[in-house]
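Asker: Could you have a look at this structure, given as C-alpha cells, before my questions?
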Amino acid sequence: MSEQHTKPTLPFCWEVKECDRDECPLYKNPGIACWLVDNTLCDGQTTSFEDRFLMVCSRCPVFLEVRKRAKGRRLSDKAMLATFDRMVNNLYSYHISLRDTNKMLEQKVGTLRSVQELSQALLGSYKPEEVLYMVLTALTAGEGFAFNRAFLFLVDSKGEYLEGKLAVGPDDYEAASRIWSDLSAEKMPLKELMSNWDEKKLETGINKMIRSFRFALIDQENVLNQSLLENRIINVPDASSDKRAWKAAEVLKSNAFAVFPLMKGQRRIGVIAVDNFVTRNPILDEEIEPLVPFTSFAAIAVDNAALHEELNRQIADLRKAHKRLRSQRKAIKRSQQLAEMGRLSADLAHEIRNPMTLIGGFARNIAKALPEDSELRGKAQIIADEVLRLETLLSQALTMTKEEKPNLELEDVNFLVMETLKLIESECEQKSIELLLDLSQPLPQVWMDRDRMKEVLINLIQNAMEAMPEGGILTLSTRQQDERILLSVADTGVGIPKSDEEMIFNPFYTTRASGTGLGLPLANRIIDAMSGSITVESEMGRGSTFTVSLPLKRRDNHESS
C-alpha cells in the first residue's frame, strides 16, 4: 500500500528522455509537471513558457503520457480534452505562422539594412566600377544576401546588347575556401566590405571571363534578356530543363541561378545574376523576393554612377575647351600686337627709310674717303654698321606686317635638317659646340614651305648657339607623334626663366643686348601659317628645347589642328 503512495503521479522525464542530468531541478522530483517548470535542461530552456510548451513539451512523451491518462470515459471529459487539443494545435499553427512572419520580417529588415548601408556607402564620389562592386558585394556578403557569386550585365550605349561588366565571387572551389576563410577571420562589416575597392579586382579570372560575353537584346531565347524586357525576377532552379537558360548557364558555368532586372523608370539599365556556385544551396523564391527593393536602389546607384562619370567627362571637356579658349585669347592678343606693330612699322618705314638710307650711304662714302689709319674712318664705319643693323630691324618689322602665305609642298624634314647643318657646321666648330643628330627613319613627308621652314630652323639654331657662349651640345631630333611630325632643337645653355617662357614669342621682347626681339615671333608666325606650333621647355642652367610641330595632313586657311 505504501508502495502505491510512493509511486509518482507522473512519469520521470529524465527516464523518458534518458538524459540522466542530475543537475536538472526536475531530477528525482516526482509528481512535478515538467512543462510548468522554468530553467529545466530540456530543449527550449531559454524560451518562454508558451514557446517551450507549444514547440517542445506538447510533443514530449512525458506530456503525451499525462494527456493519455487524463482521457476520461465521460462524454464531457472527452469533449474537454478534444477542446484542449484543438486549442493547442491552433496555437501551434499560429506560432508557426508567427515564426515564419518574423523570419520574413527579419529578411525585409536585412534588405532595408543592406539598402541603407549601400546608400550610405554611395554618398561620396566614386568611379562607376566602385559603385558596381559595392552593389555586387552587398549581394554576396554574409552580412548582406549571402549568395556565392553575383554577375552584372549592362545595356550598351546604343541599347542593342547586354554586355558583361563585373563579377564578385570566387573563380572555383579553392578560391572560395580561401576567400571565405579570410572573410571569416577578418569579420568585416558590410559597409567596410563594400568600400574595400581595388582596381586589381577588375583583373580577376571571373571578371576577365564575364567581360568577354555580350548578348543581343533581340534574342528572345535568353533568360537574361527575358528578365530585363519583362522587368521581373526569374529564378532558374535547373537550367538544363529550360532552353532559355542555356546561354546564361554556359556563361555563368552554373546550372541554378536567379536573374533580376535593373530598371530606372522605363529605362533598361541591365541585369544581375546570382548563384550558389560553391554551396549548391537551392535559391528559394522567398529568398529572392526581398531583392525587389534592393534592385530598385541598385539600379538608381548604377545609373547615378554612370551619370557622375558622364558629368566628369563633360567637366574635363569644358576644361579642355577653357584651355583652348585661353590659348586662343593669347593668340588673338598676339595677333592684335602684331597688327598694332604692323601699323607702327609701316608708319616708321615711311618716316625713317629714306633718311636712314641717306645716312648709311654718306657714312660708307666718308669711310672710303678717309685714310685707313684715320680715327674718323673707324667712327664712320661704326655709323654705317649701325645703320645697316637698323635697316635689318626695319626689314624684319616690315616682314612681320605682311600676311604669311606659305607655299606648301610635301617635303622631307630630315633632308631639310641635313641641308641646314651644312650652313652651321663650321660656326659650331669655331664656338666649341658639339652637334648631335637623332633623326627618326623613315619619316613620312610633311606639308611645309621649305624656304620659310629653313628660316625658322636657322633662327632656332642661332638662338641655341647664342645660349652656349662657352660651348656645349646642340641636338637636332625628329620623330612622328600620332598625325604630326616633331622637329626639336635642344641646347645645353643657360636656359630661360619660367617668367620669360610665355614672353619670348612676343614682338620686341628679348633678353640679349644685341637682339631685336623679332626672331622667335617671326618664326612662330611662319609655323602658325603652316598650321603648326612651336613650344619650349627649359631649365635654368641645363638648357632649352624648342619643338616645332607640323601636321601630316594638309590644313589650309588655318583649319583647327
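Ligands are numbered from 1 in the order shown, chains are lettered A, B, ... in the order of the C-alpha cells, and residues start at 1 in each chain.
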Write out as a list in words each polymer residue whose atoms come within 10 Å of Pro444 of chain A, counting only C-alpha atoms; drop sequence neighbours fewer than 5 positions from it.
Answerer: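 The neighbour list is Leu410, Glu411, Asp412, Val413, Asn414, Arg479, Gln480, Arg484, Ile485 and Leu552 of chain A.
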Asker: Using the selection just defined, write its residues with N, CA and C atoms as a PDB file, in the first residue's frame.
Answerer:
```pdb
ATOM      1  N   LEU A 410      54.962  68.870-100.209  1.00  0.00           N
ATOM      2  CA  LEU A 410      55.395  67.717 -99.424  1.00  0.00           C
ATOM      3  C   LEU A 410      56.918  67.673 -99.397  1.00  0.00           C
ATOM      4  N   GLU A 411      57.493  67.767 -98.200  1.00  0.00           N
ATOM      5  CA  GLU A 411      58.941  67.824 -98.047  1.00  0.00           C
ATOM      6  C   GLU A 411      59.403  66.832 -96.991  1.00  0.00           C
ATOM      7  N   ASP A 412      60.705  66.483 -97.083  1.00  0.00           N
ATOM      8  CA  ASP A 412      61.338  65.580 -96.125  1.00  0.00           C
ATOM      9  C   ASP A 412      62.028  66.412 -95.051  1.00  0.00           C
ATOM     10  N   VAL A 413      61.547  66.317 -93.810  1.00  0.00           N
ATOM     11  CA  VAL A 413      62.118  67.110 -92.724  1.00  0.00           C
ATOM     12  C   VAL A 413      63.570  66.744 -92.471  1.00  0.00           C
ATOM     13  N   ASN A 414      63.884  65.460 -92.504  1.00  0.00           N
ATOM     14  CA  ASN A 414      65.265  65.027 -92.263  1.00  0.00           C
ATOM     15  C   ASN A 414      66.217  65.615 -93.302  1.00  0.00           C
ATOM     16  N   ARG A 479      60.882  63.182 -85.021  1.00  0.00           N
ATOM     17  CA  ARG A 479      60.109  61.976 -84.713  1.00  0.00           C
ATOM     18  C   ARG A 479      58.656  62.210 -85.127  1.00  0.00           C
ATOM     19  N   GLN A 480      57.921  61.101 -85.239  1.00  0.00           N
ATOM     20  CA  GLN A 480      56.495  61.179 -85.539  1.00  0.00           C
ATOM     21  C   GLN A 480      55.705  60.913 -84.270  1.00  0.00           C
ATOM     22  N   ARG A 484      51.383  63.914 -86.462  1.00  0.00           N
ATOM     23  CA  ARG A 484      52.213  65.104 -86.548  1.00  0.00           C
ATOM     24  C   ARG A 484      53.686  64.715 -86.622  1.00  0.00           C
ATOM     25  N   ILE A 485      54.498  65.613 -87.214  1.00  0.00           N
ATOM     26  CA  ILE A 485      55.947  65.455 -87.251  1.00  0.00           C
ATOM     27  C   ILE A 485      56.540  66.506 -86.328  1.00  0.00           C
ATOM     28  N   LEU A 552      50.647  66.159 -90.422  1.00  0.00           N
ATOM     29  CA  LEU A 552      50.891  65.373 -91.641  1.00  0.00           C
ATOM     30  C   LEU A 552      49.865  65.686 -92.715  1.00  0.00           C
TER      31      LEU A 552
END
```
Asker: Among the residues of segment 434-559 of chain A, find those DSSP assigns to alpha helix (DSSP H) from the backbone and print them as number ranges by chain.
Answerer: A: 450-466, 498-501, 519-529
Asker: For Ile527 of chain A, please output as a ChimeraX atom specification all residues within 9 Å (counting only C-alpha atoms; exclusion window: fewer than 6 positions along the same chain).
Answerer: /A:448,452-453,456,533-534,548-550
Asker: Could the residues in this selection be saved with all heavy atoms as a CSV table (one decimal), in the first residue's frame?
Answerer:
```csv
chain,number,residue,atom,x,y,z
A,448,MET,N,54.9,71.6,-96.0
A,448,MET,CA,55.5,72.8,-95.4
A,448,MET,C,56.1,73.7,-96.6
A,448,MET,O,56.3,73.2,-97.7
A,448,MET,CB,56.7,72.4,-94.5
A,448,MET,CG,57.8,71.7,-95.1
A,448,MET,SD,59.1,71.3,-93.9
A,448,MET,CE,60.3,70.4,-94.9
A,452,ARG,N,60.8,78.9,-96.0
A,452,ARG,CA,60.4,79.5,-94.8
A,452,ARG,C,60.7,78.7,-93.6
A,452,ARG,O,61.1,79.1,-92.5
A,452,ARG,CB,58.9,79.9,-94.8
A,452,ARG,CG,58.5,80.8,-95.9
A,452,ARG,CD,59.1,82.2,-95.7
A,452,ARG,NE,58.3,83.0,-94.8
A,452,ARG,CZ,58.8,84.1,-94.2
A,452,ARG,NH1,60.0,84.5,-94.5
A,452,ARG,NH2,58.0,84.8,-93.4
A,453,MET,N,60.6,77.3,-93.8
A,453,MET,CA,60.9,76.4,-92.7
A,453,MET,C,62.4,76.4,-92.4
A,453,MET,O,62.8,76.4,-91.2
A,453,MET,CB,60.5,75.0,-93.1
A,453,MET,CG,60.7,74.0,-92.0
A,453,MET,SD,59.6,74.3,-90.5
A,453,MET,CE,60.2,73.2,-89.4
A,456,VAL,N,63.1,79.4,-90.2
A,456,VAL,CA,62.8,79.1,-88.8
A,456,VAL,C,63.8,78.2,-88.1
A,456,VAL,O,64.3,78.5,-87.0
A,456,VAL,CB,61.4,78.3,-88.7
A,456,VAL,CG1,61.1,77.8,-87.3
A,456,VAL,CG2,60.3,79.2,-89.2
A,533,SER,N,52.8,74.5,-84.7
A,533,SER,CA,53.0,75.2,-83.4
A,533,SER,C,54.5,75.1,-83.0
A,533,SER,O,55.2,74.2,-83.4
A,533,SER,CB,52.1,74.7,-82.4
A,533,SER,OG,52.4,73.3,-82.1
A,534,ILE,N,54.9,76.0,-82.1
A,534,ILE,CA,56.2,76.0,-81.5
A,534,ILE,C,56.1,76.0,-80.0
A,534,ILE,O,55.3,76.8,-79.5
A,534,ILE,CB,57.1,77.1,-81.9
A,534,ILE,CG1,57.3,77.2,-83.4
A,534,ILE,CG2,58.5,77.0,-81.2
A,534,ILE,CD1,58.2,78.3,-83.9
A,548,VAL,N,59.1,72.2,-82.9
A,548,VAL,CA,58.2,72.6,-84.0
A,548,VAL,C,57.3,71.4,-84.3
A,548,VAL,O,57.8,70.3,-84.6
A,548,VAL,CB,59.0,73.1,-85.2
A,548,VAL,CG1,58.0,73.4,-86.3
A,548,VAL,CG2,59.8,74.3,-84.9
A,549,SER,N,56.0,71.6,-84.3
A,549,SER,CA,55.1,70.5,-84.6
A,549,SER,C,54.3,70.9,-85.9
A,549,SER,O,53.7,71.9,-85.9
A,549,SER,CB,54.1,70.3,-83.4
A,549,SER,OG,53.1,69.4,-83.8
A,550,LEU,N,54.3,70.0,-86.9
A,550,LEU,CA,53.6,70.2,-88.1
A,550,LEU,C,52.7,69.0,-88.4
A,550,LEU,O,53.1,67.8,-88.2
A,550,LEU,CB,54.6,70.3,-89.3
A,550,LEU,CG,55.5,71.5,-89.3
A,550,LEU,CD1,56.6,71.4,-90.4
A,550,LEU,CD2,54.7,72.8,-89.4
```
Asker: Please compute the atom CA of Glu470 of chain A-atom CA of Arg389 of chain A distance, one decimal, in Å.
Answerer: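 Value for the atom CA of Glu470 of chain A-atom CA of Arg389 of chain A distance: 25.3 Å.
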Asker: Record the distance separating atom CA of Lys243 of chain A and atom CA of Arg280 of chain A, expressed in Å with one decimal.
Answerer: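 A separation of 21.0 Å between them.
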Asker: With only C-alpha atoms as the counted atoms, please give the residues lying no more than 7 Å from Ala299 of chain A, apart from itself and same-chain residues fewer than 5 positions off, as a PyMOL selection string.
Answerer: chain A and resi 262-264+269
Asker: Take the residues from that selection and put them in a file with C-alpha atoms, as a compact mmCIF listing (two decimals), in the first residue's frame.
Answerer:
```
# COMPACT_ATOMS: atom_id res chain seq x y z
CA LEU A 262 17.84 46.84 -63.20
CA MET A 263 15.29 49.44 -64.28
CA LYS A 264 15.04 53.17 -63.66
CA ILE A 269 19.96 49.58 -67.32
```
Asker: From a DSSP calculation on the backbone, collect every residue of segment 331-459 of chain A in strand (DSSP E) and output the set as JSON, numbers by chain.
Answerer: {"A": [409, 410, 411, 433, 434, 435, 436, 437, 438, 439, 446, 447, 448]}
Asker: Write to file, as a PDB file, in the first residue's frame, the residues of the selection just made, with N, CA, C and O atoms.
Answerer:
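New file result.pdb:
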```pdb
ATOM      1  N   GLU A 409      54.349  72.396 -99.805  1.00  0.00           N
ATOM      2  CA  GLU A 409      54.697  71.245-100.630  1.00  0.00           C
ATOM      3  C   GLU A 409      55.077  70.091 -99.700  1.00  0.00           C
ATOM      4  O   GLU A 409      55.471  70.307 -98.550  1.00  0.00           O
ATOM      5  N   LEU A 410      54.962  68.870-100.209  1.00  0.00           N
ATOM      6  CA  LEU A 410      55.395  67.717 -99.424  1.00  0.00           C
ATOM      7  C   LEU A 410      56.918  67.673 -99.397  1.00  0.00           C
ATOM      8  O   LEU A 410      57.568  67.588-100.435  1.00  0.00           O
ATOM      9  N   GLU A 411      57.493  67.767 -98.200  1.00  0.00           N
ATOM     10  CA  GLU A 411      58.941  67.824 -98.047  1.00  0.00           C
ATOM     11  C   GLU A 411      59.403  66.832 -96.991  1.00  0.00           C
ATOM     12  O   GLU A 411      58.637  66.416 -96.112  1.00  0.00           O
ATOM     13  N   ILE A 433      81.011  73.927 -80.126  1.00  0.00           N
ATOM     14  CA  ILE A 433      79.676  73.351 -79.948  1.00  0.00           C
ATOM     15  C   ILE A 433      79.622  72.005 -80.666  1.00  0.00           C
ATOM     16  O   ILE A 433      79.895  71.922 -81.880  1.00  0.00           O
ATOM     17  N   GLU A 434      79.280  70.965 -79.928  1.00  0.00           N
ATOM     18  CA  GLU A 434      79.185  69.615 -80.493  1.00  0.00           C
ATOM     19  C   GLU A 434      77.787  69.403 -81.082  1.00  0.00           C
ATOM     20  O   GLU A 434      76.780  69.702 -80.442  1.00  0.00           O
ATOM     21  N   LEU A 435      77.749  68.888 -82.300  1.00  0.00           N
ATOM     22  CA  LEU A 435      76.472  68.641 -82.987  1.00  0.00           C
ATOM     23  C   LEU A 435      76.065  67.181 -82.824  1.00  0.00           C
ATOM     24  O   LEU A 435      76.860  66.276 -83.094  1.00  0.00           O
ATOM     25  N   LEU A 436      74.827  66.955 -82.377  1.00  0.00           N
ATOM     26  CA  LEU A 436      74.279  65.601 -82.270  1.00  0.00           C
ATOM     27  C   LEU A 436      72.994  65.521 -83.082  1.00  0.00           C
ATOM     28  O   LEU A 436      72.176  66.451 -83.064  1.00  0.00           O
ATOM     29  N   LEU A 437      72.810  64.389 -83.777  1.00  0.00           N
ATOM     30  CA  LEU A 437      71.597  64.171 -84.575  1.00  0.00           C
ATOM     31  C   LEU A 437      70.842  62.959 -84.048  1.00  0.00           C
ATOM     32  O   LEU A 437      71.444  61.930 -83.725  1.00  0.00           O
ATOM     33  N   ASP A 438      69.540  63.089 -83.969  1.00  0.00           N
ATOM     34  CA  ASP A 438      68.669  61.982 -83.574  1.00  0.00           C
ATOM     35  C   ASP A 438      67.451  62.015 -84.499  1.00  0.00           C
ATOM     36  O   ASP A 438      66.364  62.447 -84.120  1.00  0.00           O
ATOM     37  N   LEU A 439      67.644  61.551 -85.722  1.00  0.00           N
ATOM     38  CA  LEU A 439      66.611  61.642 -86.751  1.00  0.00           C
ATOM     39  C   LEU A 439      65.918  60.297 -86.920  1.00  0.00           C
ATOM     40  O   LEU A 439      66.569  59.281 -87.193  1.00  0.00           O
ATOM     41  N   VAL A 446      55.999  65.801 -94.998  1.00  0.00           N
ATOM     42  CA  VAL A 446      55.049  66.682 -94.345  1.00  0.00           C
ATOM     43  C   VAL A 446      54.844  67.927 -95.204  1.00  0.00           C
ATOM     44  O   VAL A 446      55.753  68.352 -95.930  1.00  0.00           O
ATOM     45  N   TRP A 447      53.645  68.515 -95.117  1.00  0.00           N
ATOM     46  CA  TRP A 447      53.355  69.722 -95.876  1.00  0.00           C
ATOM     47  C   TRP A 447      54.009  70.924 -95.208  1.00  0.00           C
ATOM     48  O   TRP A 447      53.765  71.226 -94.047  1.00  0.00           O
ATOM     49  N   MET A 448      54.895  71.627 -95.963  1.00  0.00           N
ATOM     50  CA  MET A 448      55.542  72.820 -95.422  1.00  0.00           C
ATOM     51  C   MET A 448      56.102  73.661 -96.561  1.00  0.00           C
ATOM     52  O   MET A 448      56.258  73.204 -97.705  1.00  0.00           O
TER      53      MET A 448
END
```
Asker: Separation of atom CA of Asn281 of chain A and atom CA of Gln220 of chain A, in Å?
Answerer: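 The value is 28.5 Å.
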Asker: Taking 6 positions as the minimum chain separation for residues in the same chain, which residues sit within 10 Å of Val251 of chain A when counting only C-alpha atoms? Answer as a ChimeraX atom specification.
Answerer: /A:164,209-210,212-214
Asker: Write out the residues from the selection above, keeping N, CA and C atoms, as an mmCIF file, in the first residue's frame.
Answerer:
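After the write, again.cif holds the following:
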```cif
data_model
loop_
_atom_site.group_PDB
_atom_site.id
_atom_site.type_symbol
_atom_site.label_atom_id
_atom_site.label_comp_id
_atom_site.auth_asym_id
_atom_site.auth_seq_id
_atom_site.Cartn_x
_atom_site.Cartn_y
_atom_site.Cartn_z
ATOM 1 N N GLY A 164 28.722 41.924 -70.467
ATOM 2 C CA GLY A 164 29.279 41.576 -69.167
ATOM 3 C C GLY A 164 30.162 42.695 -68.656
ATOM 4 N N MET A 209 36.548 36.776 -67.576
ATOM 5 C CA MET A 209 35.614 35.876 -68.241
ATOM 6 C C MET A 209 34.303 36.582 -68.557
ATOM 7 N N ILE A 210 33.742 37.291 -67.573
ATOM 8 C CA ILE A 210 32.414 37.883 -67.749
ATOM 9 C C ILE A 210 32.454 39.014 -68.763
ATOM 10 N N SER A 212 34.029 39.144 -71.437
ATOM 11 C CA SER A 212 34.184 38.650 -72.803
ATOM 12 C C SER A 212 32.852 38.265 -73.439
ATOM 13 N N PHE A 213 31.740 38.412 -72.704
ATOM 14 C CA PHE A 213 30.435 37.993 -73.221
ATOM 15 C C PHE A 213 29.502 39.182 -73.397
ATOM 16 N N ARG A 214 28.690 39.095 -74.429
ATOM 17 C CA ARG A 214 27.589 40.037 -74.606
ATOM 18 C C ARG A 214 26.489 39.356 -75.413
#
```
Asker: Need to verify the contact set: Glu425 of chain A, 12 Å, only C-alpha atoms, exclusion of same-chain residues closer than 6 positions in sequence. Can you return it as a list in words?
Answerer: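 Counting only the stated atoms, we get Val417, Met418, Glu419, Lys431, Ser432, Ile433, Glu434, Leu435, Leu436, Ile458, Ile461, Gln462, Met465 and Leu474 of chain A.
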Asker: Using only C-alpha atoms, which residues sit within 10 Å of Ile382 of chain A once same-chain residues fewer than 6 positions away are excluded, as a list in words?
Answerer: Ala363, Arg364, Ala367, Leu376 and Leu388 of chain A
